[in-house]
Each structure stands twice: as C-alpha cells, then as structure tokens.
Amino acid sequence: MAEVKGTRFINNPLNREIVLQYGQEFSEIDKNMTSAAINNTIYIEYPDLNETKRAIEIISKGGILKNNITSLGYTDVNDFSLNYILINI
C-alpha cells in the first residue's frame, strides 16, 4: 500500500533531508518549521483498519477509484480489507 510505503519512507532516518525538502515544497514553509512539524508528528506505519475501510467507502462513493471493489473480485469493503489490505501490509 502506498500509505505504508510512504510512512516507511518518512520514518527512515536516511530519508530525512528529502522528507524535509518535500515538506517545504508542499507546505511552502521554511526548513525550521517543516522540521518542527515532522518532529512533532507520529507517523504510524500500520493504518487503523476501521479508518481505512471508512476512507475506501468515501472514495468509492465519490467515484474516485478507477475500479470499484466488486469489479476487482471482492464482495465488499470488509472482504477487500481482510483479503487485500491486511495481507499486503
């Protein structure tokens, strides 16, 4: 999952400078403020399953997904969460 990979990237000390650069570019704030924001945020690698399901439902209803869950072979969000998300984390 992109969320887990992104969190792992942010949490990896070897990526510190590039994370600060991305933060500055995205937020348009200086390096000190970006560093303070990153240092005071906990980046959790494993997403909360209920919040992940809720997000999937929201983006599904919004028509944002290229393919809906049933077209991918899953019966519903729960099936997708248990058989794709948990297996691929």
# chains A, B, ... in the order shown; residues from 1 in each chain; ligands from 1
$ select_by_dssp --residues "chain A" --states "alpha helix (DSSP H)" --output "number ranges by chain"
A: 2-11, 16-27, 31-39, 49-61, 77-80, 86-88
$ atom_distance --atom1 "CA of Ile44 (chain A)" --atom2 "CA of Pro13 (chain A)"
14.9 Å
$ closest_residue --among "A:Thr70, A:Thr34, A:Val4, A:Ile59" --to "Ile18 (chain A)" --atoms "only C-alpha atoms"
A:Thr34
$ atom_distance --atom1 "CA of Lys31 (chain A)" --atom2 "CA of Leu14 (chain A)"
17.1 Å
$ atom_distance --atom1 "CA of Gly73 (chain A)" --atom2 "CA of Ala55 (chain A)"
19.1 Å
$ residues_around --residues "Glu57 (chain A)" --least-positions-apart "4" --cutoff "10 Å" --atoms "only C-alpha atoms" --output "VMD selection string"
chain A and resid 51 to 53 61 to 62 69 76 to 77
$ residues_around --residues "Val19 (chain A)" --least-positions-apart "3" --cutoff "9 Å" --atoms "only C-alpha atoms" --output "mmCIF file with N, CA and C atoms, in the first residue's frame"
data_model
loop_
_atom_site.group_PDB
_atom_site.id
_atom_site.type_symbol
_atom_site.label_atom_id
_atom_site.label_comp_id
_atom_site.auth_asym_id
_atom_site.auth_seq_id
_atom_site.Cartn_x
_atom_site.Cartn_y
_atom_site.Cartn_z
ATOM 1 N N PHE A 9 8.990 5.440 4.348
ATOM 2 C CA PHE A 9 9.948 6.392 3.771
ATOM 3 C C PHE A 9 10.170 7.553 4.727
ATOM 4 N N ILE A 10 9.093 8.127 5.241
ATOM 5 C CA ILE A 10 9.196 9.255 6.170
ATOM 6 C C ILE A 10 9.932 8.856 7.439
ATOM 7 N N ASN A 15 16.239 9.116 4.907
ATOM 8 C CA ASN A 15 15.463 9.974 4.006
ATOM 9 C C ASN A 15 15.156 11.345 4.602
ATOM 10 N N ARG A 16 15.734 11.654 5.744
ATOM 11 C CA ARG A 16 15.396 12.868 6.490
ATOM 12 C C ARG A 16 15.454 14.136 5.628
ATOM 13 N N TYR A 22 10.665 17.791 0.610
ATOM 14 C CA TYR A 22 9.286 17.596 0.150
ATOM 15 C C TYR A 22 8.321 18.401 1.012
ATOM 16 N N GLY A 23 8.536 18.373 2.315
ATOM 17 C CA GLY A 23 7.670 19.123 3.228
ATOM 18 C C GLY A 23 7.693 20.609 2.946
ATOM 19 N N GLN A 24 8.868 21.147 2.699
ATOM 20 C CA GLN A 24 8.997 22.562 2.381
ATOM 21 C C GLN A 24 8.291 22.903 1.071
ATOM 22 N N ILE A 38 7.436 17.898 11.380
ATOM 23 C CA ILE A 38 7.757 16.473 11.204
ATOM 24 C C ILE A 38 8.172 15.848 12.538
#
$ residues_around --residues "Ser71 (chain A)" --least-positions-apart "5" --cutoff "12 Å" --atoms "only C-alpha atoms" --output "PyMOL selection string"
chain A and resi 60+65-66+76+80
$ closest_residue --among "A:Asn67, A:Ser27, A:Asn11, A:Gln21" --to "Ile42 (chain A)" --atoms "only C-alpha atoms"
A:Asn11
